[in-house]
file model25.tsv (TSV, C-alpha atoms and all ligand atoms)
chain	number	residue	atom	x	y	z
I	1	MET	CA	73.35	60.95	129.99
I	2	ALA	CA	73.92	59.48	133.43
I	3	GLU	CA	70.83	58.15	135.19
I	4	GLU	CA	71.12	60.69	137.97
I	5	VAL	CA	71.36	63.63	135.61
I	6	LYS	CA	68.30	62.38	133.69
I	7	ASP	CA	66.37	62.19	136.95
I	8	GLU	CA	67.36	65.71	137.81
I	9	VAL	CA	66.30	67.03	134.41
I	10	ALA	CA	62.99	65.20	134.63
I	11	ARG	CA	62.39	66.57	138.09
I	12	LYS	CA	63.07	70.10	136.95
I	13	GLU	CA	60.90	69.73	133.87
I	14	SER	CA	57.99	68.39	135.83
I	15	GLY	CA	58.26	71.47	138.02
I	16	THR	CA	58.73	69.56	141.27
I	17	MET	CA	61.71	71.64	142.31
I	18	THR	CA	60.83	73.74	145.28
I	19	ALA	CA	61.89	77.35	145.61
I	20	PHE	CA	64.40	76.16	148.18
I	21	ASP	CA	65.85	73.57	145.78
I	22	ARG	CA	66.35	76.32	143.24
I	23	HIS	CA	67.91	78.59	145.82
I	24	LEU	CA	70.31	75.90	146.96
I	25	GLU	CA	71.20	75.02	143.44
I	26	ARG	CA	72.09	78.65	142.84
I	27	CYS	CA	74.26	78.72	145.95
I	28	LEU	CA	76.19	75.62	145.07
I	29	SER	CA	75.64	75.44	141.32
I	30	MET	CA	79.19	75.95	140.19
I	31	ILE	CA	80.33	72.63	141.53
I	32	MET	CA	77.15	70.70	142.19
I	33	HIS	CA	78.59	67.88	140.12
I	34	HIS	CA	81.30	67.32	142.73
I	35	ASP	CA	80.41	64.32	144.88
I	36	GLU	CA	81.21	65.83	148.24
I	37	VAL	CA	79.32	69.02	147.42
I	38	ARG	CA	76.24	66.95	146.51
I	39	GLN	CA	76.46	65.36	149.94
I	40	ILE	CA	76.78	68.78	151.54
I	41	ALA	CA	73.72	69.95	149.62
I	42	ASP	CA	71.78	66.90	150.81
I	43	VAL	CA	72.70	67.66	154.42
I	44	ILE	CA	71.57	71.26	154.01
I	45	LYS	CA	68.27	70.15	152.45
I	46	ARG	CA	67.64	67.67	155.24
I	47	VAL	CA	68.41	70.16	158.00
I	48	LYS	CA	66.30	72.84	156.33
I	49	SER	CA	63.27	70.62	155.76
I	50	GLU	CA	63.33	69.26	159.33
I	51	ARG	CA	63.45	72.85	160.48
I	52	MET	CA	60.49	73.83	158.36
I	53	VAL	CA	58.47	70.93	159.76
I	54	GLN	CA	59.41	71.96	163.32
I	55	GLU	CA	58.35	75.54	162.66
I	56	GLY	CA	55.16	74.32	161.04
I	57	GLY	CA	55.95	76.16	157.83
J	1	MET	CA	73.28	102.51	131.85
J	2	VAL	CA	74.80	101.66	135.18
J	3	GLU	CA	77.51	104.15	134.34
J	4	SER	CA	75.10	107.08	134.12
J	5	MET	CA	73.82	106.40	137.63
J	6	LEU	CA	77.29	106.27	139.05
J	7	PRO	CA	77.65	108.30	142.18
J	8	ASN	CA	80.86	109.77	143.47
J	9	LYS	CA	83.08	106.92	144.39
J	10	LEU	CA	84.18	106.50	147.96
J	11	SER	CA	87.25	108.59	148.47
J	12	GLU	CA	90.21	108.02	150.73
J	13	ALA	CA	89.05	111.04	152.70
J	14	GLN	CA	85.65	109.49	153.35
J	15	LEU	CA	87.26	106.34	154.63
J	16	VAL	CA	89.39	108.40	156.98
J	17	ASP	CA	86.14	109.93	158.23
J	18	LEU	CA	84.80	106.58	159.37
J	19	PRO	CA	83.37	106.64	162.87
J	20	SER	CA	86.00	106.43	165.58
J	21	PRO	CA	85.84	103.85	168.31
J	22	PRO	CA	84.38	105.06	171.60
J	23	GLY	CA	86.77	106.46	174.21
J	24	ILE	CA	86.72	103.35	176.36
J	25	ILE	CA	87.96	101.20	173.46
J	26	GLN	CA	90.74	103.67	172.73
J	27	LYS	CA	91.72	103.64	176.41
J	28	LEU	CA	91.72	99.87	176.39
J	29	HIS	CA	93.90	99.71	173.31
J	30	SER	CA	96.50	102.11	174.62
J	31	CYS	CA	96.55	100.14	177.85
J	32	MET	CA	97.02	96.88	175.92
J	33	ALA	CA	99.90	98.41	174.01
J	34	GLU	CA	101.82	98.75	177.28
J	35	GLU	CA	104.05	95.92	178.27
J	36	GLU	CA	103.20	93.76	181.24
J	37	VAL	CA	99.64	94.85	181.68
J	38	SER	CA	97.55	92.32	183.58
J	39	SER	CA	94.05	91.15	182.78
J	40	ASN	CA	92.93	92.58	186.09
J	41	GLU	CA	94.14	96.04	185.17
J	42	LEU	CA	92.34	95.81	181.83
J	43	ALA	CA	89.20	94.67	183.58
J	44	ARG	CA	89.43	97.73	185.80
J	45	VAL	CA	89.66	99.98	182.73
J	46	ILE	CA	86.46	98.43	181.38
J	47	GLU	CA	84.76	98.84	184.74
J	48	THR	CA	85.22	102.61	184.54
J	49	ASP	CA	82.53	102.56	181.84
J	50	GLN	CA	79.15	101.59	183.21
J	51	ALA	CA	77.44	100.96	179.91
J	52	PHE	CA	80.18	98.60	178.76
J	53	THR	CA	80.28	96.82	182.07
J	54	ALA	CA	76.53	96.24	181.88
J	55	ARG	CA	76.78	94.91	178.34
J	56	ILE	CA	79.53	92.47	179.14
J	57	LEU	CA	77.73	91.17	182.20
J	58	LYS	CA	74.49	90.74	180.24
J	59	LEU	CA	76.34	88.78	177.60
J	60	VAL	CA	78.28	86.45	179.85
J	61	ASN	CA	75.15	85.76	181.89
J	62	SER	CA	73.05	85.00	178.80
J	63	PRO	CA	72.13	81.44	177.76
J	64	PHE	CA	74.66	81.86	174.96
J	65	TYR	CA	77.47	81.09	177.39
J	66	GLY	CA	75.44	78.77	179.54
J	67	PHE	CA	77.25	79.32	182.84
J	68	THR	CA	75.33	77.91	185.75
J	69	ARG	CA	76.13	80.65	188.23
J	70	ASP	CA	75.85	84.42	188.05
J	71	ILE	CA	78.89	86.36	186.93
J	72	ALA	CA	78.94	89.61	188.82
J	73	SER	CA	82.07	91.49	187.76
J	74	VAL	CA	84.15	92.18	184.67
J	75	GLN	CA	87.10	90.53	186.39
J	76	GLU	CA	85.09	87.34	186.79
J	77	ALA	CA	83.94	87.57	183.16
J	78	VAL	CA	87.59	87.82	182.14
J	79	THR	CA	88.39	84.72	184.17
J	80	MET	CA	85.48	82.77	182.70
J	81	ILE	CA	85.76	83.59	179.01
J	82	GLY	CA	89.25	85.10	178.74
J	83	PHE	CA	90.41	88.63	178.18
J	84	HIS	CA	90.51	88.29	174.38
J	85	ALA	CA	86.88	87.27	174.36
J	86	VAL	CA	85.84	90.21	176.51
J	87	HIS	CA	87.86	92.60	174.36
J	88	GLN	CA	86.44	91.28	171.11
J	89	LEU	CA	82.90	91.28	172.42
J	90	LEU	CA	83.37	94.92	173.36
J	91	LEU	CA	84.59	95.73	169.87
J	92	ALA	CA	81.71	93.86	168.28
J	93	THR	CA	79.03	95.36	170.50
J	94	SER	CA	80.38	98.89	169.95
J	95	LEU	CA	80.25	98.40	166.22
J	96	LEU	CA	76.75	97.01	166.42
J	97	SER	CA	75.53	100.10	168.19
J	98	GLU	CA	77.49	102.36	165.88
J	99	PHE	CA	75.75	100.85	162.86
J	100	ARG	CA	72.18	100.72	164.04
J	101	THR	CA	71.10	103.30	161.48
J	102	LYS	CA	67.89	102.43	159.72
J	103	ASN	CA	68.12	102.21	155.97
J	104	SER	CA	65.33	101.15	153.68
J	105	ALA	CA	67.64	99.19	151.39
J	106	ILE	CA	68.31	96.36	153.79
J	107	ASN	CA	66.52	94.96	156.79
J	108	ILE	CA	69.05	95.53	159.53
J	109	ASP	CA	67.62	92.75	161.72
J	110	ASP	CA	68.00	90.23	158.91
J	111	PHE	CA	71.47	91.56	158.28
J	112	TRP	CA	72.53	90.95	161.87
J	113	ARG	CA	70.83	87.54	161.91
J	114	HIS	CA	72.94	86.56	158.92
J	115	SER	CA	76.07	87.96	160.57
J	116	PHE	CA	75.36	86.28	163.86
J	117	GLY	CA	74.59	83.00	162.10
J	118	VAL	CA	77.94	83.09	160.33
J	119	GLY	CA	79.69	83.71	163.67
J	120	VAL	CA	77.93	80.80	165.37
J	121	ILE	CA	78.51	78.35	162.50
J	122	ALA	CA	82.16	79.39	162.09
J	123	ARG	CA	82.75	78.80	165.77
J	124	ARG	CA	81.06	75.40	165.62
J	125	ILE	CA	83.12	74.45	162.58
J	126	LEU	CA	86.31	75.16	164.54
J	127	ASN	CA	85.04	73.38	167.62
J	128	THR	CA	88.23	71.44	168.23
J	129	VAL	CA	90.70	74.34	168.13
J	130	ASP	CA	91.83	76.49	171.07
J	131	ARG	CA	89.51	78.88	172.87
J	132	ASP	CA	90.99	82.09	171.45
J	133	THR	CA	90.73	80.93	167.84
J	134	LYS	CA	87.15	79.83	168.38
J	135	GLN	CA	86.33	83.23	169.84
J	136	ALA	CA	88.01	84.96	166.90
J	137	ALA	CA	85.92	82.79	164.56
J	138	PHE	CA	82.74	83.97	166.27
J	139	VAL	CA	83.64	87.66	166.30
J	140	SER	CA	85.01	87.75	162.78
J	141	GLY	CA	81.97	85.84	161.60
J	142	VAL	CA	79.69	88.39	163.20
J	143	LEU	CA	81.63	91.26	161.62
J	144	HIS	CA	82.58	89.76	158.24
J	145	ASP	CA	80.17	91.91	156.20
J	146	ILE	CA	80.57	95.09	158.24
J	147	GLY	CA	82.02	96.76	155.12
J	148	ARG	CA	78.49	96.78	153.65
J	149	LEU	CA	77.34	98.95	156.52
J	150	VAL	CA	80.21	101.32	155.81
J	151	TYR	CA	78.57	102.08	152.45
J	152	MET	CA	75.31	102.64	154.24
J	153	LYS	CA	76.92	105.01	156.71
J	154	ILE	CA	78.95	107.05	154.24
J	155	MET	CA	76.81	106.96	151.12
J	156	PRO	CA	73.25	106.23	152.26
J	157	ASP	CA	71.53	107.35	149.05
J	158	THR	CA	73.84	105.45	146.76
J	159	PHE	CA	73.45	102.46	149.03
J	160	VAL	CA	69.69	102.50	148.50
J	161	THR	CA	70.07	102.75	144.72
J	162	PHE	CA	72.62	100.01	144.69
J	163	TYR	CA	70.55	97.52	146.67
J	164	THR	CA	67.09	98.28	145.43
J	165	GLU	CA	67.54	99.08	141.76
J	166	LEU	CA	70.42	96.74	141.11
J	167	SER	CA	69.69	94.05	143.63
J	168	MET	CA	70.44	91.22	141.23
J	169	VAL	CA	74.00	92.20	140.52
J	170	THR	CA	75.40	93.01	143.91
J	171	ASP	CA	78.55	91.01	143.55
J	172	LEU	CA	82.02	92.22	144.41
J	173	GLU	CA	82.67	93.57	140.93
J	174	ALA	CA	79.46	95.55	140.95
J	175	GLU	CA	80.48	97.04	144.29
J	176	VAL	CA	83.78	98.15	142.85
J	177	LYS	CA	82.00	99.62	139.87
J	178	PHE	CA	79.57	101.50	142.05
J	179	PHE	CA	81.53	102.49	145.12
J	180	GLY	CA	85.07	102.18	143.81
J	181	ILE	CA	85.91	99.60	146.44
J	182	ASP	CA	84.35	96.30	147.55
J	183	HIS	CA	82.93	95.57	151.02
J	184	GLN	CA	85.97	93.55	152.03
J	185	GLU	CA	88.12	96.67	151.61
J	186	THR	CA	85.71	99.08	153.33
J	187	GLY	CA	85.54	96.50	156.12
J	188	ARG	CA	89.32	96.37	156.33
J	189	ALA	CA	89.52	100.17	156.56
J	190	LEU	CA	87.03	100.18	159.42
J	191	ALA	CA	88.74	97.30	161.23
J	192	GLN	CA	92.08	99.07	161.00
J	193	LYS	CA	90.66	102.33	162.23
J	194	TRP	CA	89.22	100.47	165.21
J	195	ASN	CA	92.45	98.59	165.84
J	196	PHE	CA	90.92	95.16	165.48
J	197	PRO	CA	93.07	92.13	166.18
J	198	GLU	CA	94.94	91.20	163.02
J	199	SER	CA	93.17	87.84	162.72
J	200	VAL	CA	89.71	89.46	162.66
J	201	THR	CA	90.85	92.13	160.18
J	202	THR	CA	92.25	89.43	157.90
J	203	VAL	CA	88.93	87.58	157.89
J	204	ILE	CA	86.91	90.72	157.16
J	205	ALA	CA	89.24	91.66	154.31
J	206	ASN	CA	89.37	88.20	152.68
J	207	HIS	CA	86.22	86.27	153.47
J	208	HIS	CA	85.36	85.90	149.77
J	209	ASN	CA	88.90	84.89	148.81
J	210	PRO	CA	90.01	82.33	151.37
J	211	ASP	CA	92.84	81.14	149.10
J	212	ALA	CA	94.46	84.55	149.04
J	213	VAL	CA	95.70	84.75	152.64
J	214	GLU	CA	99.08	83.83	154.02
J	215	ASN	CA	98.05	83.83	157.68
J	216	HIS	CA	94.86	82.79	159.44
J	217	GLY	CA	93.86	80.50	156.56
J	218	LEU	CA	91.85	78.26	158.85
J	219	LEU	CA	89.89	81.15	160.31
J	220	VAL	CA	89.20	82.77	156.93
J	221	SER	CA	88.12	79.42	155.48
J	222	ALA	CA	85.78	78.69	158.39
J	223	VAL	CA	84.03	82.04	157.95
J	224	ASN	CA	83.90	81.64	154.17
J	225	ILE	CA	82.21	78.24	154.46
J	226	ALA	CA	79.94	79.44	157.29
J	227	ASP	CA	78.86	82.37	155.09
J	228	ILE	CA	77.88	80.06	152.23
J	229	LEU	CA	76.09	77.67	154.60
J	230	CYS	CA	74.16	80.57	156.10
J	231	HIS	CA	73.08	81.75	152.68
J	232	ALA	CA	72.18	78.21	151.64
J	233	LEU	CA	70.08	77.71	154.78
J	234	GLN	CA	68.52	81.16	154.39
J	235	ILE	CA	69.52	82.29	157.86
J	236	GLY	CA	68.93	86.04	157.90
J	237	ASP	CA	69.90	88.10	154.92
J	238	SER	CA	73.10	89.98	154.20
J	239	GLY	CA	71.29	92.18	151.68
J	240	ASN	CA	72.95	90.36	148.87
J	241	TYR	CA	71.80	88.02	146.17
J	242	TYR	CA	75.35	87.08	145.40
J	243	VAL	CA	76.89	84.08	147.12
J	244	SER	CA	80.58	83.23	146.94
J	245	GLU	CA	81.38	80.26	144.83
J	246	PHE	CA	81.74	77.24	147.08
J	247	ASN	CA	85.45	76.92	147.63
J	248	LEU	CA	86.69	73.35	147.82
J	249	GLY	CA	90.10	74.49	149.07
J	250	ALA	CA	88.46	76.21	152.04
J	251	TRP	CA	86.30	73.14	152.65
J	252	LYS	CA	89.38	70.89	152.71
J	253	ARG	CA	91.23	73.31	154.99
J	254	ILE	CA	88.57	73.18	157.69
J	255	GLY	CA	88.75	69.38	157.52
J	256	LEU	CA	85.04	68.65	157.90
J	257	ILE	CA	83.28	65.68	156.40
J	258	PRO	CA	79.66	65.95	155.24
J	259	GLU	CA	78.67	63.41	157.94
J	260	ASP	CA	79.71	65.85	160.68
J	261	LEU	CA	78.06	68.81	159.07
J	262	GLU	CA	74.52	67.79	159.94
J	263	GLY	CA	75.18	67.85	163.70
J	264	ILE	CA	77.01	71.14	163.45
J	265	LEU	CA	74.22	72.83	161.53
J	266	LYS	CA	71.45	71.56	163.81
J	267	LYS	CA	73.26	72.70	166.93
J	268	ALA	CA	74.09	76.02	165.31
J	269	LEU	CA	70.45	76.62	164.33
J	270	ASP	CA	69.32	75.93	167.88
J	271	GLU	CA	71.98	78.24	169.19
J	272	ILE	CA	70.97	80.97	166.75
J	273	ASP	CA	67.33	80.71	167.84
J	274	GLU	CA	68.21	80.81	171.52
J	275	SER	CA	70.53	83.67	170.95
J	276	GLU	CA	68.07	86.03	169.30
J	277	LYS	CA	67.76	87.58	172.73
J	278	VAL	CA	71.49	87.99	172.99
J	279	VAL	CA	71.54	89.74	169.65
J	280	ALA	CA	68.91	92.12	170.95
J	281	GLN	CA	71.18	92.84	173.89
J	282	LEU	CA	74.16	93.42	171.65
J	283	ARG	CA	72.48	96.33	169.99
H	1	FE	FE	80.70	89.34	152.26
H	2	FE	FE	77.95	87.31	154.40

call {"tool": "encode", "arguments": {"input": "model25.tsv", "output": "structure tokens"}}
result
Amino acid sequence: MAEEVKDEVARKESGTMTAFDRHLERCLSMIMHHDEVRQIADVIKRVKSERMVQEGG
Amino acid sequence: MVESMLPNKLSEAQLVDLPSPPGIIQKLHSCMAEEEVSSNELARVIETDQAFTARILKLVNSPFYGFTRDIASVQEAVTMIGFHAVHQLLLATSLLSEFRTKNSAINIDDFWRHSFGVGVIARRILNTVDRDTKQAAFVSGVLHDIGRLVYMKIMPDTFVTFYTELSMVTDLEAEVKFFGIDHQETGRALAQKWNFPESVTTVIANHHNPDAVENHGLLVSAVNIADILCHALQIGDSGNYYVSEFNLGAWKRIGLIPEDLEGILKKALDEIDESEKVVAQLR
């Protein structure tokens, strides 16, 4: 198993995935393995979390 | 089990009974069909309707357009944002007021926030193209899911059952199973009845299948990607759990790189926040 995939599995198993992570994964799940889509997902996560900080939520 | 709850499917006759566009829109369309009609003449047609004139002026004077001086007449609005923009805004605002009906199955404010978000992001995605295409991206983004509201209008009870009892399976196939036709097709029927520009109709009818179109591929792809981004960012709610599969073909067609996406999304989110007021005016 690739290092990255192991990390992901470990993260999921330890329950550190947020509800938003799960939501995003569902949105993009079909092709999450695709490099560019991973980058897109990272951008979305970053924008979303900055937003949540701004809104104090 | 689903089968036993099946309502009457939407019939051709019901689609023919869709609400008609208001008189002013019909007047405008017959005027546009004439050869050699000038923007000024069209502006005068709009000015015969006070409510429409007020709406257009509110919109062009809102922070959404960001003009520094007051725009006082429809003619001026036409000069500033173009006749196509004024026409499409009229179509969109008329539909918004036509479909204000409350329905317990979906939160209509969240629905319009989703729709508006898709319009704003689609327009930002196509930032480098010509003004008319950008405008079409905005309007078709705002109206892409209008077919869902057609269900609500024609079959309100079934609509409630569909969204509340079966909320986890509201994908296109489930729509066909339940209503006999998916929301892209009900949307197309409405857009045709209202004489929408062909580009906008094409987007409404194909936003979940951007690879299927021969024309307006760029526009359809922009709205498709904007839709997914809106769902991913949880901007509003289209009343649907189902999200289109991310389409790499559409992504390639719009020619964005992930590095540019961050700026686009941040600006779009700011614009969406600022524009909540505009949305309120649209209704
Ligand atoms: Fe849709
Ligand atoms: Fe949508």

call {"tool": "interface_residues", "arguments": {"input": "model25.tsv", "of": "chain I", "to": "chain J", "cutoff": "6 Å", "atoms": "only C-alpha atoms", "output": "ChimeraX atom specification"}}
result
/I:24,40,43

call {"tool": "residues_around", "arguments": {"input": "model25.tsv", "residues": "Ala250 of chain J", "least_positions_apart": "4", "cutoff": "10 Å", "atoms": "all atoms listed in the file", "output": "list in words"}}
result
Asn209, Pro210, Asp211, Gly217, Leu218, Leu219, Val220, Ser221, Ala222, Val223, Asn224, Ile225, Phe246, Ile254 and Gly255 of chain J

call {"tool": "residues_near_ligand", "arguments": {"input": "model25.tsv", "ligand": "ligand FE 2 (chain H)", "cutoff": "10 Å", "atoms": "all atoms listed in the file", "output": "count of residues only"}}
result
33

call {"tool": "atom_distance", "arguments": {"input": "model25.tsv", "atom1": "atom CA of Gln50 of chain J", "atom2": "atom CA of Arg100 of chain J"}}
result
20.4 Å

call {"tool": "residues_around", "arguments": {"input": "model25.tsv", "residues": "His29 of chain J", "least_positions_apart": "3", "cutoff": "10 Å", "atoms": "all atoms listed in the file", "output": "tab-separated table (two decimals) with C-alpha atoms, in the coordinates of the input"}}
result
chain	number	residue	atom	x	y	z
J	23	GLY	CA	86.77	106.46	174.21
J	24	ILE	CA	86.72	103.35	176.36
J	25	ILE	CA	87.96	101.20	173.46
J	26	GLN	CA	90.74	103.67	172.73
J	32	MET	CA	97.02	96.88	175.92
J	33	ALA	CA	99.90	98.41	174.01
J	34	GLU	CA	101.82	98.75	177.28
J	42	LEU	CA	92.34	95.81	181.83
J	87	HIS	CA	87.86	92.60	174.36
J	194	TRP	CA	89.22	100.47	165.21
J	195	ASN	CA	92.45	98.59	165.84
J	196	PHE	CA	90.92	95.16	165.48

call {"tool": "residues_around", "arguments": {"input": "model25.tsv", "residues": "Ala268 of chain J", "least_positions_apart": "4", "cutoff": "9 Å", "atoms": "all atoms listed in the file", "output": "list in words"}}
result
Gly117, Val120, Ile121, Arg124, Gly263, Ile264, Ile272 and Asp273 of chain J

call {"tool": "closest_residue", "arguments": {"input": "model25.tsv", "among": "J:Ile181, J:Met155, J:Cys31, J:Leu172", "to": "ligand FE 1 (chain H)", "atoms": "all atoms listed in the file"}}
result
J:Leu172

call {"tool": "atom_distance", "arguments": {"input": "model25.tsv", "atom1": "atom CA of Pro19 of chain J", "atom2": "atom CA of Glu98 of chain J"}}
result
7.9 Å

call {"tool": "residues_around", "arguments": {"input": "model25.tsv", "residues": "Asp17 of chain J", "least_positions_apart": "3", "cutoff": "12 Å", "atoms": "only C-alpha atoms", "output": "ChimeraX atom specification"}}
result
/J:10-14,20-21,150,153-154,186,189-190,193

call {"tool": "atom_distance", "arguments": {"input": "model25.tsv", "atom1": "atom CA of Val200 of chain J", "atom2": "atom CA of Ala137 of chain J"}}
result
7.9 Å

call {"tool": "closest_residue", "arguments": {"input": "model25.tsv", "among": "J:Arg253, J:Arg188, J:Glu271, J:Ala77", "to": "ligand FE 1 (chain H)", "atoms": "all atoms listed in the file"}}
result
J:Arg188

call {"tool": "closest_residue", "arguments": {"input": "model25.tsv", "among": "J:Val16, J:Ile106, J:Leu149, J:Ile56", "to": "ligand FE 1 (chain H)", "atoms": "all atoms listed in the file"}}
result
J:Leu149

call {"tool": "closest_residue", "arguments": {"input": "model25.tsv", "among": "J:Leu18, J:Ala212, J:Ile71, J:Leu90", "to": "Arg55 of chain J", "atoms": "all atoms listed in the file"}}
result
J:Leu90

call {"tool": "residues_around", "arguments": {"input": "model25.tsv", "residues": "Ser73 of chain J", "least_positions_apart": "5", "cutoff": "9 Å", "atoms": "only C-alpha atoms", "output": "list in words"}}
result
Ala43, Glu47, Thr53, Leu57 and Val78 of chain J

call {"tool": "closest_residue", "arguments": {"input": "model25.tsv", "among": "J:Gly249, J:Gly147, J:Pro197, J:Gly180", "to": "ligand FE 1 (chain H)", "atoms": "only C-alpha atoms and all ligand atoms"}}
result
J:Gly147

call {"tool": "closest_residue", "arguments": {"input": "model25.tsv", "among": "J:Arg69, J:Lys134, J:Phe99, J:Asn206", "to": "ligand FE 1 (chain H)", "atoms": "all atoms listed in the file"}}
result
J:Asn206

call {"tool": "axis_aligned_box", "arguments": {"input": "model25.tsv", "around": "segment 56-69 of chain J", "padding_each_side": "6 Å", "output": "AutoDock Vina command-line options"}}
result
--center_x 75.8 --center_y 85.2 --center_z 181.6 --size_x 19.4 --size_y 26.6 --size_z 25.3

call {"tool": "residues_near_point", "arguments": {"input": "model25.tsv", "point": "(95.3, 85.5, 158.2)", "cutoff": "7 Å", "atoms": "all atoms listed in the file", "output": "number ranges by chain"}}
result
J: 199, 202-203, 213-217, 220

call {"tool": "write_last_selection", "arguments": {"input": "model25.tsv", "atoms": "C-alpha atoms", "output": "PDB file, in the coordinates of the input"}}
result
ATOM      1  CA  SER J 199      93.170  87.840 162.720  1.00  0.00           C
ATOM      2  CA  THR J 202      92.250  89.430 157.900  1.00  0.00           C
ATOM      3  CA  VAL J 203      88.930  87.580 157.890  1.00  0.00           C
ATOM      4  CA  VAL J 213      95.700  84.750 152.640  1.00  0.00           C
ATOM      5  CA  GLU J 214      99.080  83.830 154.020  1.00  0.00           C
ATOM      6  CA  ASN J 215      98.050  83.830 157.680  1.00  0.00           C
ATOM      7  CA  HIS J 216      94.860  82.790 159.440  1.00  0.00           C
ATOM      8  CA  GLY J 217      93.860  80.500 156.560  1.00  0.00           C
ATOM      9  CA  VAL J 220      89.200  82.770 156.930  1.00  0.00           C
TER      10      VAL J 220
END
